[in-house]
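Peer 1: Dropping in entry_31.csv, with CSV, C-alpha atoms.
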```csv
chain,number,residue,atom,x,y,z
K,1,MET,CA,-21.9,23.1,116.2
K,2,GLN,CA,-24.8,21.0,115.2
K,3,LEU,CA,-26.0,20.9,118.8
K,4,LEU,CA,-25.7,24.7,119.1
K,5,HIS,CA,-27.6,25.1,115.9
K,6,GLU,CA,-30.4,22.9,117.3
K,7,ILE,CA,-30.5,24.8,120.6
K,8,VAL,CA,-30.7,28.2,118.8
K,9,ARG,CA,-33.5,26.9,116.6
K,10,ASN,CA,-35.4,25.5,119.5
K,11,VAL,CA,-35.1,28.6,121.5
K,12,LEU,CA,-36.5,30.6,118.6
K,13,VAL,CA,-39.5,28.3,118.4
K,14,ILE,CA,-40.0,28.6,122.1
K,15,ILE,CA,-40.0,32.4,122.0
K,16,ILE,CA,-42.5,32.4,119.1
K,17,LEU,CA,-44.7,29.9,120.9
K,18,THR,CA,-44.7,31.8,124.2
K,19,SER,CA,-45.4,35.1,122.5
K,20,PHE,CA,-48.4,33.4,120.9
K,21,LEU,CA,-49.4,32.0,124.3
K,22,GLU,CA,-49.1,35.5,125.8
K,23,LEU,CA,-51.8,36.7,123.3
K,24,LEU,CA,-54.1,34.0,124.7
K,25,LEU,CA,-53.8,35.1,128.3
K,26,PRO,CA,-57.0,36.3,129.9
K,27,GLU,CA,-57.4,39.8,131.2
K,28,GLY,CA,-58.1,40.5,134.9
K,29,GLY,CA,-56.6,39.5,138.2
K,30,ILE,CA,-55.5,36.0,137.1
K,31,ARG,CA,-53.3,37.3,134.3
K,32,PRO,CA,-50.1,37.8,136.4
K,33,PHE,CA,-50.3,34.2,137.7
K,34,VAL,CA,-50.6,32.8,134.2
K,35,ARG,CA,-47.7,35.0,133.1
K,36,PHE,CA,-45.6,33.6,135.9
K,37,ALA,CA,-46.4,30.0,134.7
K,38,VAL,CA,-45.6,30.9,131.1
K,39,GLY,CA,-42.3,32.5,132.3
K,40,MET,CA,-41.3,29.3,134.0
K,41,PHE,CA,-42.2,27.4,130.9
K,42,ILE,CA,-39.8,29.7,129.0
K,43,ILE,CA,-37.0,29.2,131.6
K,44,ILE,CA,-37.4,25.4,131.6
K,45,ALA,CA,-37.5,25.2,127.8
K,46,VAL,CA,-34.4,27.3,127.5
K,47,LEU,CA,-32.6,25.8,130.4
K,48,ASN,CA,-33.1,22.2,129.3
K,49,PRO,CA,-30.8,22.2,126.2
K,50,VAL,CA,-28.3,24.5,127.8
K,51,LEU,CA,-27.9,22.4,130.9
K,52,SER,CA,-27.8,19.2,128.9
K,53,LEU,CA,-24.9,20.7,126.9
K,54,LEU,CA,-22.9,22.1,129.8
K,55,PHE,CA,-23.5,19.5,132.4
K,56,SER,CA,-24.2,16.3,130.5
K,57,GLU,CA,-22.6,14.1,133.2
K,58,ARG,CA,-25.0,15.4,135.9
K,59,GLU,CA,-28.4,14.1,136.5
K,60,LEU,CA,-30.5,17.2,136.6
K,61,LYS,CA,-34.2,17.3,137.5
K,62,VAL,CA,-34.9,19.5,134.5
K,63,ASN,CA,-33.6,16.9,132.1
K,64,LEU,CA,-36.0,14.4,133.7
K,65,TRP,CA,-38.9,16.4,132.3
K,66,ASP,CA,-37.6,16.0,128.8
K,67,TYR,CA,-37.0,12.3,129.2
K,68,GLN,CA,-38.5,10.3,126.3
K,69,PRO,CA,-38.2,6.6,126.4
K,70,GLU,CA,-36.9,4.9,123.3
K,71,GLU,CA,-39.6,3.4,121.2
K,72,SER,CA,-37.9,0.0,120.8
K,73,LYS,CA,-37.5,-0.3,124.6
K,74,SER,CA,-41.1,0.7,125.2
K,75,GLU,CA,-42.3,-1.9,122.7
K,76,GLU,CA,-40.2,-4.5,124.4
K,77,ILE,CA,-41.7,-3.6,127.8
K,78,ILE,CA,-45.2,-3.8,126.3
K,79,ASP,CA,-44.4,-7.2,124.8
K,80,ASN,CA,-43.1,-8.5,128.1
K,81,GLY,CA,-46.2,-7.1,129.8
K,82,GLN,CA,-48.5,-8.9,127.4
K,83,GLN,CA,-46.5,-12.1,127.8
K,84,ILE,CA,-46.9,-11.9,131.6
K,85,GLN,CA,-50.6,-11.1,131.3
K,86,GLN,CA,-51.0,-14.2,129.0
K,87,GLU,CA,-49.3,-16.4,131.5
K,88,ILE,CA,-51.5,-15.1,134.3
K,89,ILE,CA,-54.6,-15.7,132.3
K,90,GLU,CA,-53.4,-19.3,131.4
K,91,GLN,CA,-52.7,-20.0,135.1
K,92,HIS,CA,-56.1,-18.7,136.2
K,93,ASN,CA,-57.8,-20.7,133.5
K,94,GLU,CA,-56.0,-23.8,134.6
K,95,ILE,CA,-57.1,-23.3,138.3
K,96,ALA,CA,-60.6,-22.5,137.2
K,97,ARG,CA,-60.7,-25.6,135.0
K,98,GLU,CA,-59.5,-27.9,137.8
K,99,LYS,CA,-62.1,-26.5,140.3
K,100,LEU,CA,-64.9,-26.7,137.8
K,101,GLN,CA,-64.0,-30.3,137.0
K,102,GLY,CA,-64.2,-31.1,140.7
K,103,GLN,CA,-67.5,-29.4,141.0
K,104,ILE,CA,-69.0,-31.1,137.9
K,105,ASP,CA,-67.8,-34.5,139.3
K,106,ALA,CA,-69.4,-33.8,142.6
K,107,VAL,CA,-72.7,-32.7,141.0
K,108,ALA,CA,-72.9,-35.5,138.5
K,109,VAL,CA,-72.3,-38.2,141.0
K,110,LEU,CA,-75.5,-37.2,142.8
K,111,VAL,CA,-77.6,-38.4,139.9
K,112,GLN,CA,-79.1,-41.8,140.6
K,113,GLY,CA,-77.3,-44.6,138.9
K,114,VAL,CA,-74.0,-42.8,138.6
K,115,GLU,CA,-71.2,-44.2,140.6
K,116,GLU,CA,-68.1,-42.5,139.4
K,117,VAL,CA,-67.5,-39.4,137.3
K,118,LYS,CA,-64.5,-38.1,135.4
K,119,SER,CA,-64.9,-34.8,133.6
K,120,GLU,CA,-62.7,-33.0,131.2
K,121,ILE,CA,-63.3,-29.3,130.5
K,122,GLU,CA,-62.0,-27.2,127.6
K,123,ILE,CA,-61.7,-23.5,128.3
K,124,GLY,CA,-61.3,-21.0,125.5
K,125,GLN,CA,-59.0,-18.0,125.3
K,126,ASP,CA,-61.8,-15.8,126.5
K,127,GLY,CA,-62.0,-17.9,129.7
K,128,LYS,CA,-65.4,-19.4,128.8
K,129,VAL,CA,-66.2,-23.1,129.0
K,130,GLN,CA,-66.2,-24.5,125.4
K,131,THR,CA,-67.0,-28.2,126.0
K,132,VAL,CA,-67.5,-30.5,128.9
K,133,ASN,CA,-66.7,-34.2,128.4
K,134,ILE,CA,-68.1,-36.4,131.1
K,135,LEU,CA,-67.2,-40.1,131.5
K,136,LEU,CA,-69.6,-41.9,133.7
K,137,GLN,CA,-69.3,-45.2,135.5
K,138,SER,CA,-72.8,-46.3,136.2
K,139,GLY,CA,-74.5,-49.3,137.7
K,140,ARG,CA,-77.0,-50.3,140.3
K,141,PRO,CA,-76.3,-52.7,143.1
K,142,GLU,CA,-77.6,-56.1,142.4
K,143,VAL,CA,-80.3,-57.0,144.9
K,144,LYS,CA,-80.9,-60.6,145.8
K,145,LYS,CA,-84.1,-61.5,147.6
K,146,ALA,CA,-83.7,-63.8,150.5
K,147,LYS,CA,-86.4,-66.3,151.3
K,148,ASP,CA,-87.9,-64.3,154.2
K,149,GLY,CA,-88.4,-61.2,152.0
K,150,ILE,CA,-85.3,-59.4,153.1
K,151,GLU,CA,-83.4,-57.6,150.3
K,152,VAL,CA,-79.7,-58.4,150.2
K,153,PHE,CA,-77.2,-56.2,148.3
K,154,SER,CA,-74.6,-58.4,146.8
K,155,GLY,CA,-72.0,-55.6,146.2
K,156,GLU,CA,-71.8,-56.5,142.5
K,157,ASP,CA,-73.2,-54.0,140.0
K,158,SER,CA,-75.6,-55.1,137.4
K,159,LYS,CA,-75.4,-53.6,133.9
K,160,LEU,CA,-77.9,-50.8,133.0
K,161,SER,CA,-80.1,-51.1,130.0
K,162,ARG,CA,-79.8,-48.6,127.1
K,163,GLU,CA,-83.0,-46.8,128.2
K,164,GLU,CA,-81.7,-46.4,131.7
K,165,MET,CA,-78.4,-45.1,130.4
K,166,LYS,CA,-80.2,-42.6,128.2
K,167,VAL,CA,-82.2,-41.3,131.2
K,168,ILE,CA,-79.0,-40.9,133.3
K,169,GLU,CA,-77.3,-39.1,130.4
K,170,ASP,CA,-80.2,-36.7,129.9
K,171,LYS,CA,-80.3,-36.0,133.7
K,172,VAL,CA,-76.6,-35.3,133.9
K,173,ILE,CA,-76.7,-33.0,130.8
K,174,SER,CA,-79.7,-31.2,132.1
K,175,ILE,CA,-78.2,-30.7,135.6
K,176,ILE,CA,-74.8,-29.6,134.5
K,177,GLY,CA,-76.2,-27.4,131.8
K,178,ASN,CA,-78.5,-25.6,134.2
K,179,PHE,CA,-75.9,-25.3,136.9
K,180,TYR,CA,-73.2,-23.7,134.7
K,181,GLY,CA,-75.3,-22.1,132.0
K,182,LEU,CA,-74.1,-24.4,129.2
K,183,SER,CA,-76.0,-25.5,126.1
K,184,THR,CA,-76.7,-29.2,125.6
K,185,SER,CA,-74.4,-29.3,122.6
K,186,GLN,CA,-71.4,-28.3,124.8
K,187,ILE,CA,-71.9,-31.3,127.2
K,188,LYS,CA,-70.9,-34.8,126.0
K,189,VAL,CA,-71.6,-37.8,128.2
K,190,GLU,CA,-70.0,-41.2,127.7
K,191,PHE,CA,-70.4,-44.4,129.7
K,192,GLU,CA,-67.4,-46.3,130.7
K,193,GLY,CA,-67.1,-49.5,128.8
K,194,GLY,CA,-69.4,-48.2,126.0
D,1,MET,CA,-68.3,35.9,108.8
D,2,GLU,CA,-68.2,34.4,112.3
D,3,ILE,CA,-67.4,37.7,114.0
D,4,ALA,CA,-70.6,39.1,112.6
D,5,GLN,CA,-72.5,36.2,114.1
D,6,VAL,CA,-70.8,36.8,117.4
D,7,ILE,CA,-71.5,40.5,117.4
D,8,GLY,CA,-75.1,40.0,116.4
D,9,LEU,CA,-75.6,37.4,119.2
D,10,ALA,CA,-73.9,39.7,121.7
D,11,LEU,CA,-76.0,42.7,120.7
D,12,VAL,CA,-79.3,40.8,121.0
D,13,THR,CA,-78.2,39.3,124.3
D,14,THR,CA,-77.2,42.7,125.6
D,15,ILE,CA,-80.6,44.2,124.7
D,16,LEU,CA,-82.4,41.3,126.2
D,17,LEU,CA,-80.2,41.5,129.3
D,18,LEU,CA,-81.0,45.2,129.7
D,19,ILE,CA,-84.7,44.4,129.6
D,20,LEU,CA,-84.5,41.3,131.8
D,21,ARG,CA,-82.4,43.0,134.5
D,22,GLN,CA,-85.3,45.4,135.2
D,23,GLU,CA,-88.0,42.8,135.1
D,24,LYS,CA,-86.5,39.4,136.0
D,25,PRO,CA,-82.9,39.6,137.3
D,26,VAL,CA,-82.7,35.8,137.7
D,27,MET,CA,-83.5,35.2,134.0
D,28,ALA,CA,-80.9,37.8,133.1
D,29,VAL,CA,-78.2,35.7,134.9
D,30,VAL,CA,-79.4,32.6,133.1
D,31,LEU,CA,-79.2,34.3,129.8
D,32,SER,CA,-75.7,35.6,130.6
D,33,ILE,CA,-74.5,32.1,131.4
D,34,THR,CA,-76.2,30.7,128.2
D,35,PHE,CA,-74.5,33.3,126.1
D,36,SER,CA,-71.1,32.5,127.7
D,37,ILE,CA,-71.6,28.8,127.0
D,38,VAL,CA,-72.7,29.4,123.4
D,39,ILE,CA,-69.6,31.6,122.7
D,40,PHE,CA,-67.4,29.0,124.3
D,41,LEU,CA,-68.8,26.2,122.2
D,42,PHE,CA,-68.7,28.4,119.1
D,43,MET,CA,-65.0,29.0,119.6
D,44,MET,CA,-64.2,25.4,120.5
D,45,GLY,CA,-63.2,24.4,116.9
D,46,LYS,CA,-60.9,27.4,116.6
D,47,MET,CA,-59.3,26.6,119.9
D,48,ALA,CA,-58.7,23.0,118.8
D,49,ALA,CA,-56.9,24.3,115.7
D,50,ILE,CA,-54.7,26.6,117.8
D,51,ILE,CA,-53.8,23.8,120.2
D,52,ALA,CA,-53.0,21.5,117.2
D,53,LEU,CA,-50.6,24.1,115.8
D,54,MET,CA,-48.9,24.5,119.2
D,55,GLN,CA,-48.5,20.7,119.5
D,56,GLU,CA,-46.8,20.7,116.1
D,57,LEU,CA,-44.5,23.5,117.1
D,58,THR,CA,-43.5,21.9,120.3
D,59,ARG,CA,-42.9,18.6,118.5
D,60,ARG,CA,-40.6,20.4,116.0
D,61,ALA,CA,-38.8,22.2,118.8
D,62,GLN,CA,-38.4,18.9,120.6
D,63,ILE,CA,-40.0,20.3,123.8
D,64,ASN,CA,-41.7,17.8,126.0
D,65,TYR,CA,-45.4,18.1,125.4
D,66,PHE,CA,-45.9,17.9,129.2
D,67,PHE,CA,-44.8,21.6,129.5
D,68,LEU,CA,-47.2,22.8,126.9
D,69,ALA,CA,-50.1,20.7,128.3
D,70,THR,CA,-49.5,22.2,131.7
D,71,ILE,CA,-49.5,25.8,130.3
D,72,LEU,CA,-52.6,25.1,128.3
D,73,LYS,CA,-54.3,23.7,131.4
D,74,ILE,CA,-53.3,26.9,133.2
D,75,ILE,CA,-54.7,29.1,130.5
D,76,GLY,CA,-57.9,27.0,130.5
D,77,VAL,CA,-58.3,27.4,134.2
D,78,ALA,CA,-57.7,31.1,134.0
D,79,TYR,CA,-60.3,31.6,131.3
D,80,LEU,CA,-62.9,29.5,133.0
D,81,GLY,CA,-62.2,31.3,136.3
D,82,GLU,CA,-62.5,34.7,134.5
D,83,PHE,CA,-65.8,33.7,132.9
D,84,ALA,CA,-67.3,32.4,136.1
D,85,ALA,CA,-66.1,35.5,138.0
D,86,ALA,CA,-67.6,37.8,135.4
D,87,ILE,CA,-70.9,36.0,135.5
D,88,CYS,CA,-70.9,36.3,139.3
D,89,GLN,CA,-70.1,40.0,139.1
D,90,ASP,CA,-72.9,40.5,136.6
D,91,ALA,CA,-75.2,39.0,139.1
D,92,GLY,CA,-74.0,41.4,141.7
D,93,GLU,CA,-72.2,38.7,143.7
D,94,HIS,CA,-68.8,40.3,144.0
D,95,ALA,CA,-67.8,38.2,147.0
D,96,VAL,CA,-68.5,34.9,145.1
D,97,ALA,CA,-66.6,36.3,142.1
D,98,LYS,CA,-63.6,37.0,144.3
D,99,LYS,CA,-63.7,33.4,145.7
D,100,VAL,CA,-63.8,32.0,142.1
D,101,GLU,CA,-60.7,34.1,141.2
D,102,PHE,CA,-59.0,33.0,144.4
D,103,ALA,CA,-59.7,29.3,143.5
D,104,ALA,CA,-58.4,29.8,140.0
D,105,LYS,CA,-55.2,31.4,141.2
D,106,ILE,CA,-54.5,28.6,143.7
D,107,ILE,CA,-55.2,25.9,141.0
D,108,ILE,CA,-52.8,27.8,138.6
D,109,VAL,CA,-50.1,27.9,141.2
D,110,VAL,CA,-50.5,24.2,142.0
D,111,LEU,CA,-50.3,23.3,138.3
D,112,SER,CA,-47.1,25.3,137.9
D,113,LEU,CA,-45.5,23.9,141.0
D,114,PRO,CA,-43.9,20.8,139.4
D,115,ILE,CA,-42.1,23.1,136.8
D,116,MET,CA,-41.0,25.5,139.6
D,117,VAL,CA,-39.7,22.6,141.7
D,118,ALA,CA,-37.8,21.1,138.8
D,119,ILE,CA,-36.1,24.5,138.0
D,120,LEU,CA,-35.2,25.1,141.7
D,121,GLU,CA,-33.8,21.7,142.3
D,122,SER,CA,-31.7,21.9,139.1
D,123,MET,CA,-30.3,25.2,140.3
D,124,MET,CA,-29.5,23.8,143.7
D,125,GLU,CA,-27.8,20.9,142.0
D,126,LEU,CA,-25.6,23.2,139.9
D,127,MET,CA,-24.6,25.2,143.0
D,128,VAL,CA,-23.2,22.1,144.7
```
Would you give me this structure, written as structure tokens?
Peer 2:
Amino acid sequence: MQLLHEIVRNVLVIIILTSFLELLLPEGGIRPFVRFAVGMFIIIAVLNPVLSLLFSERELKVNLWDYQPEESKSEEIIDNGQQIQQEIIEQHNEIAREKLQGQIDAVAVLVQGVEEVKSEIEIGQDGKVQTVNILLQSGRPEVKKAKDGIEVFSGEDSKLSREEMKVIEDKVISIIGNFYGLSTSQIKVEFEGG
Amino acid sequence: MEIAQVIGLALVTTILLLILRQEKPVMAVVLSITFSIVIFLFMMGKMAAIIALMQELTRRAQINYFFLATILKIIGVAYLGEFAAAICQDAGEHAVAKKVEFAAKIIIVVLSLPIMVAILESMMELMV
């Protein structure tokens, strides 16, 4: 009974609505076409509740037009979508971080006096580089002069002075900063063993 | 009184059009188009109110807004087609006007196709 009441009420609203729409129709040769479309609108609007009532077990195409997803379900879908998106972003950030670390290592090792580089990059939520921590292993090969003036590399590294370390640090900061568009405050350089 | 404004504008435009049609027919067409656009923009606010009311009615009747949106699109296409065809006829280009009407009719049929297909398929389903 409740359902029937709803159907009658809806049909009344549809009739009023379409009568109102009829007033809006333009004059001229296009009018019959628009009336045809409005007529179909009335049919579908009336047919929808009637068919749902009589043939509730059948999957009718008309009912599909009236399909409205449940709000809770749609929220769940949106949440899942956001979670997946977050995971994708994190994976991408991780890959980008690893590649960038490799690149920075390769670039920093080109600076004279640098032997080994280990870099750590922090990437923010927006995917931008926050800080770059570079650990340098520096040293220059010790040169021993032979008697006849020939220079012999002993294979052992001699320690760099503070000034030399400062020069290397500045060079590395400058190169990495320029390469990746980072400010000097974002790059921290440390030497292995202090 | 908005209707007074519309009537005043229409009368002035008509007089100007009568003069311009003799002297400069091209300018008369431009004036006609301008008048159409001005009236259209003038009525935009009212149309928005009508559409809002219809949306509210469809929501209360629990009709999917898709239907009403399609019907409103169809009415919009029909009005624009009529306006354009009238302008073309005013300019003496009856052939162009007919083509505009033809295009509007086709677009209306295409827009109403999904509704028609849904009804027909449901009917077929019931007959099985």
Peer 1: May I ask for the distance between atom CA of K:Lys128 and atom CA of K:Ile173, given in Å to one decimal place?
Peer 2: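 The value is 17.8 Å.
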Peer 1: Atom CA of D:Leu72 and atom CA of D:Met124 are how many Å apart?
Peer 2: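 Rounded to one decimal, the two atoms are 27.8 Å apart.
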Peer 1: I need the residue nearest D:Glu56 from this list: D:Pro25, D:Cys88, D:Leu68, D:Ile39. Use all atoms listed in the file for the distance.
Peer 2: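 Closest candidate: D:Leu68.
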Peer 1: Just the number, please: distance in Å from atom CA of D:Ala104 to atom CA of K:Leu23, one decimal.
Peer 2: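 Result for atom CA of D:Ala104 versus atom CA of K:Leu23: 19.2 Å, one decimal.
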Peer 1: Mind listing as a short mmCIF file (atom, residue, chain, number, x, y, z; two decimals) with C-alpha atoms, keeping the file's coordinate frame which residues of chain D are within 7 Å of chain K, counting only C-alpha atoms?
Peer 2:
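Ended up saving to selection-v6.cif:
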```
data_model
loop_
_atom_site.label_atom_id
_atom_site.label_comp_id
_atom_site.auth_asym_id
_atom_site.auth_seq_id
_atom_site.Cartn_x
_atom_site.Cartn_y
_atom_site.Cartn_z
CA ALA D 61 -38.80 22.20 118.80
CA ILE D 63 -40.00 20.30 123.80
CA ASN D 64 -41.70 17.80 126.00
CA PHE D 67 -44.80 21.60 129.50
CA ILE D 71 -49.50 25.80 130.30
CA ILE D 74 -53.30 26.90 133.20
CA ILE D 75 -54.70 29.10 130.50
CA ALA D 78 -57.70 31.10 134.00
CA TYR D 79 -60.30 31.60 131.30
CA GLU D 101 -60.70 34.10 141.20
CA LYS D 105 -55.20 31.40 141.20
CA ILE D 108 -52.80 27.80 138.60
CA SER D 112 -47.10 25.30 137.90
CA ILE D 115 -42.10 23.10 136.80
CA MET D 116 -41.00 25.50 139.60
CA ALA D 118 -37.80 21.10 138.80
CA ILE D 119 -36.10 24.50 138.00
CA GLU D 121 -33.80 21.70 142.30
CA SER D 122 -31.70 21.90 139.10
#
```
Peer 1: With all atoms listed in the file as the atoms that count, which of K:Lys73, K:Glu192, K:Asp79, K:Ile168 lies nearest to K:Lys118?
Peer 2: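 Among the listed residues, the smallest separation from K:Lys118 belongs to K:Glu192.
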Peer 1: Skipping near chain neighbours, those fewer than 4 positions away, what residues fall within 10 Å of K:Thr184 using only C-alpha atoms, listed as a list in words?
Peer 2: Thr131, Val132, Asp170, Ile173, Ser174, Ile176, Gly177, Asn178 and Lys188 of chain K
Peer 1: Determine the nearest neighbour of D:Ala91 from the options D:Val26, D:Met43, D:Leu57, D:Met123, counting all atoms listed in the file.
Peer 2: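 Among the listed residues, D:Val26 lies closest to D:Ala91.
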Peer 1: Got a sec: who's within 10 Å of D:Ala97, counting all atoms listed in the file, leaving out chain neighbours fewer than 3 positions off, as a compact mmCIF listing (two decimals) with C-alpha atoms, keeping the file's coordinate frame?
Peer 2:
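Final file, part_3.txt:
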```txt
# COMPACT_ATOMS: atom_id res chain seq x y z
CA GLY D 81 -62.20 31.30 136.30
CA GLU D 82 -62.50 34.70 134.50
CA PHE D 83 -65.80 33.70 132.90
CA ALA D 84 -67.30 32.40 136.10
CA ALA D 85 -66.10 35.50 138.00
CA ALA D 86 -67.60 37.80 135.40
CA ILE D 87 -70.90 36.00 135.50
CA CYS D 88 -70.90 36.30 139.30
CA GLN D 89 -70.10 40.00 139.10
CA ASP D 90 -72.90 40.50 136.60
CA ALA D 91 -75.20 39.00 139.10
CA GLY D 92 -74.00 41.40 141.70
CA GLU D 93 -72.20 38.70 143.70
CA HIS D 94 -68.80 40.30 144.00
CA VAL D 100 -63.80 32.00 142.10
CA GLU D 101 -60.70 34.10 141.20
CA PHE D 102 -59.00 33.00 144.40
CA ALA D 103 -59.70 29.30 143.50
```
Peer 1: Pick from K:Gln83, K:Gln2, K:Gln137, K:Gln125: nearest to K:Gln112, with all atoms listed in the file counted?
Peer 2: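 The closest residue to K:Gln112 is K:Gln137.
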Peer 1: Name the residues, using the chain letters and numbers of the file, that sit within 7 Å of (-70.7, -34.6, 130.4) when counting all atoms listed in the file, and give them as a ChimeraX atom specification.
Peer 2: /K:119,132-135,172-173,187-189
Peer 1: Measuring atom to atom with all atoms listed in the file, identify which of D:Val110, D:Ala52, D:Val6, D:Met127 is nearest to D:Phe40.
Peer 2: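 Comparing D:Val110, D:Ala52, D:Val6, D:Met127 against D:Phe40, the winner is D:Val6.
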Peer 1: For stretch 3-17 of chain K, supply N, CA, C and O atoms and format the output as a PDB file, keeping the file's coordinate frame.
Peer 2:
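That gives us result.pdb:
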```
ATOM      1  N   LEU K   3     -25.240  20.801 117.552  1.00  0.00           N
ATOM      2  CA  LEU K   3     -26.000  20.900 118.800  1.00  0.00           C
ATOM      3  C   LEU K   3     -26.417  22.348 119.067  1.00  0.00           C
ATOM      4  O   LEU K   3     -27.571  22.653 119.415  1.00  0.00           O
ATOM      5  N   LEU K   4     -25.445  23.230 118.885  1.00  0.00           N
ATOM      6  CA  LEU K   4     -25.700  24.700 119.100  1.00  0.00           C
ATOM      7  C   LEU K   4     -26.746  25.190 118.149  1.00  0.00           C
ATOM      8  O   LEU K   4     -27.633  25.953 118.542  1.00  0.00           O
ATOM      9  N   HIS K   5     -26.639  24.720 116.931  1.00  0.00           N
ATOM     10  CA  HIS K   5     -27.600  25.100 115.900  1.00  0.00           C
ATOM     11  C   HIS K   5     -29.023  24.687 116.318  1.00  0.00           C
ATOM     12  O   HIS K   5     -29.989  25.450 116.219  1.00  0.00           O
ATOM     13  N   GLU K   6     -29.103  23.467 116.836  1.00  0.00           N
ATOM     14  CA  GLU K   6     -30.400  22.900 117.300  1.00  0.00           C
ATOM     15  C   GLU K   6     -30.956  23.748 118.453  1.00  0.00           C
ATOM     16  O   GLU K   6     -32.143  24.053 118.499  1.00  0.00           O
ATOM     17  N   ILE K   7     -30.048  24.081 119.400  1.00  0.00           N
ATOM     18  CA  ILE K   7     -30.500  24.800 120.600  1.00  0.00           C
ATOM     19  C   ILE K   7     -31.030  26.201 120.172  1.00  0.00           C
ATOM     20  O   ILE K   7     -32.107  26.608 120.607  1.00  0.00           O
ATOM     21  N   VAL K   8     -30.302  26.894 119.289  1.00  0.00           N
ATOM     22  CA  VAL K   8     -30.700  28.200 118.800  1.00  0.00           C
ATOM     23  C   VAL K   8     -32.093  28.122 118.138  1.00  0.00           C
ATOM     24  O   VAL K   8     -33.016  28.914 118.395  1.00  0.00           O
ATOM     25  N   ARG K   9     -32.230  27.113 117.299  1.00  0.00           N
ATOM     26  CA  ARG K   9     -33.500  26.900 116.600  1.00  0.00           C
ATOM     27  C   ARG K   9     -34.645  26.669 117.551  1.00  0.00           C
ATOM     28  O   ARG K   9     -35.705  27.272 117.449  1.00  0.00           O
ATOM     29  N   ASN K  10     -34.385  25.791 118.534  1.00  0.00           N
ATOM     30  CA  ASN K  10     -35.400  25.500 119.500  1.00  0.00           C
ATOM     31  C   ASN K  10     -35.815  26.672 120.335  1.00  0.00           C
ATOM     32  O   ASN K  10     -36.991  26.884 120.623  1.00  0.00           O
ATOM     33  N   VAL K  11     -34.817  27.452 120.732  1.00  0.00           N
ATOM     34  CA  VAL K  11     -35.100  28.600 121.500  1.00  0.00           C
ATOM     35  C   VAL K  11     -35.963  29.627 120.755  1.00  0.00           C
ATOM     36  O   VAL K  11     -36.904  30.216 121.293  1.00  0.00           O
ATOM     37  N   LEU K  12     -35.676  29.754 119.469  1.00  0.00           N
ATOM     38  CA  LEU K  12     -36.500  30.600 118.600  1.00  0.00           C
ATOM     39  C   LEU K  12     -37.941  30.180 118.574  1.00  0.00           C
ATOM     40  O   LEU K  12     -38.855  30.983 118.706  1.00  0.00           O
ATOM     41  N   VAL K  13     -38.107  28.877 118.398  1.00  0.00           N
ATOM     42  CA  VAL K  13     -39.500  28.300 118.400  1.00  0.00           C
ATOM     43  C   VAL K  13     -40.178  28.571 119.685  1.00  0.00           C
ATOM     44  O   VAL K  13     -41.361  28.944 119.721  1.00  0.00           O
ATOM     45  N   ILE K  14     -39.423  28.380 120.779  1.00  0.00           N
ATOM     46  CA  ILE K  14     -40.000  28.600 122.100  1.00  0.00           C
ATOM     47  C   ILE K  14     -40.467  30.027 122.287  1.00  0.00           C
ATOM     48  O   ILE K  14     -41.565  30.290 122.788  1.00  0.00           O
ATOM     49  N   ILE K  15     -39.639  30.949 121.826  1.00  0.00           N
ATOM     50  CA  ILE K  15     -40.000  32.400 122.000  1.00  0.00           C
ATOM     51  C   ILE K  15     -41.256  32.696 121.172  1.00  0.00           C
ATOM     52  O   ILE K  15     -42.163  33.360 121.665  1.00  0.00           O
ATOM     53  N   ILE K  16     -41.319  32.180 119.945  1.00  0.00           N
ATOM     54  CA  ILE K  16     -42.500  32.400 119.100  1.00  0.00           C
ATOM     55  C   ILE K  16     -43.746  31.811 119.773  1.00  0.00           C
ATOM     56  O   ILE K  16     -44.799  32.430 119.865  1.00  0.00           O
ATOM     57  N   LEU K  17     -43.553  30.605 120.260  1.00  0.00           N
ATOM     58  CA  LEU K  17     -44.700  29.900 120.900  1.00  0.00           C
ATOM     59  C   LEU K  17     -45.183  30.617 122.117  1.00  0.00           C
ATOM     60  O   LEU K  17     -46.399  30.779 122.293  1.00  0.00           O
TER      61      LEU K  17
END
```
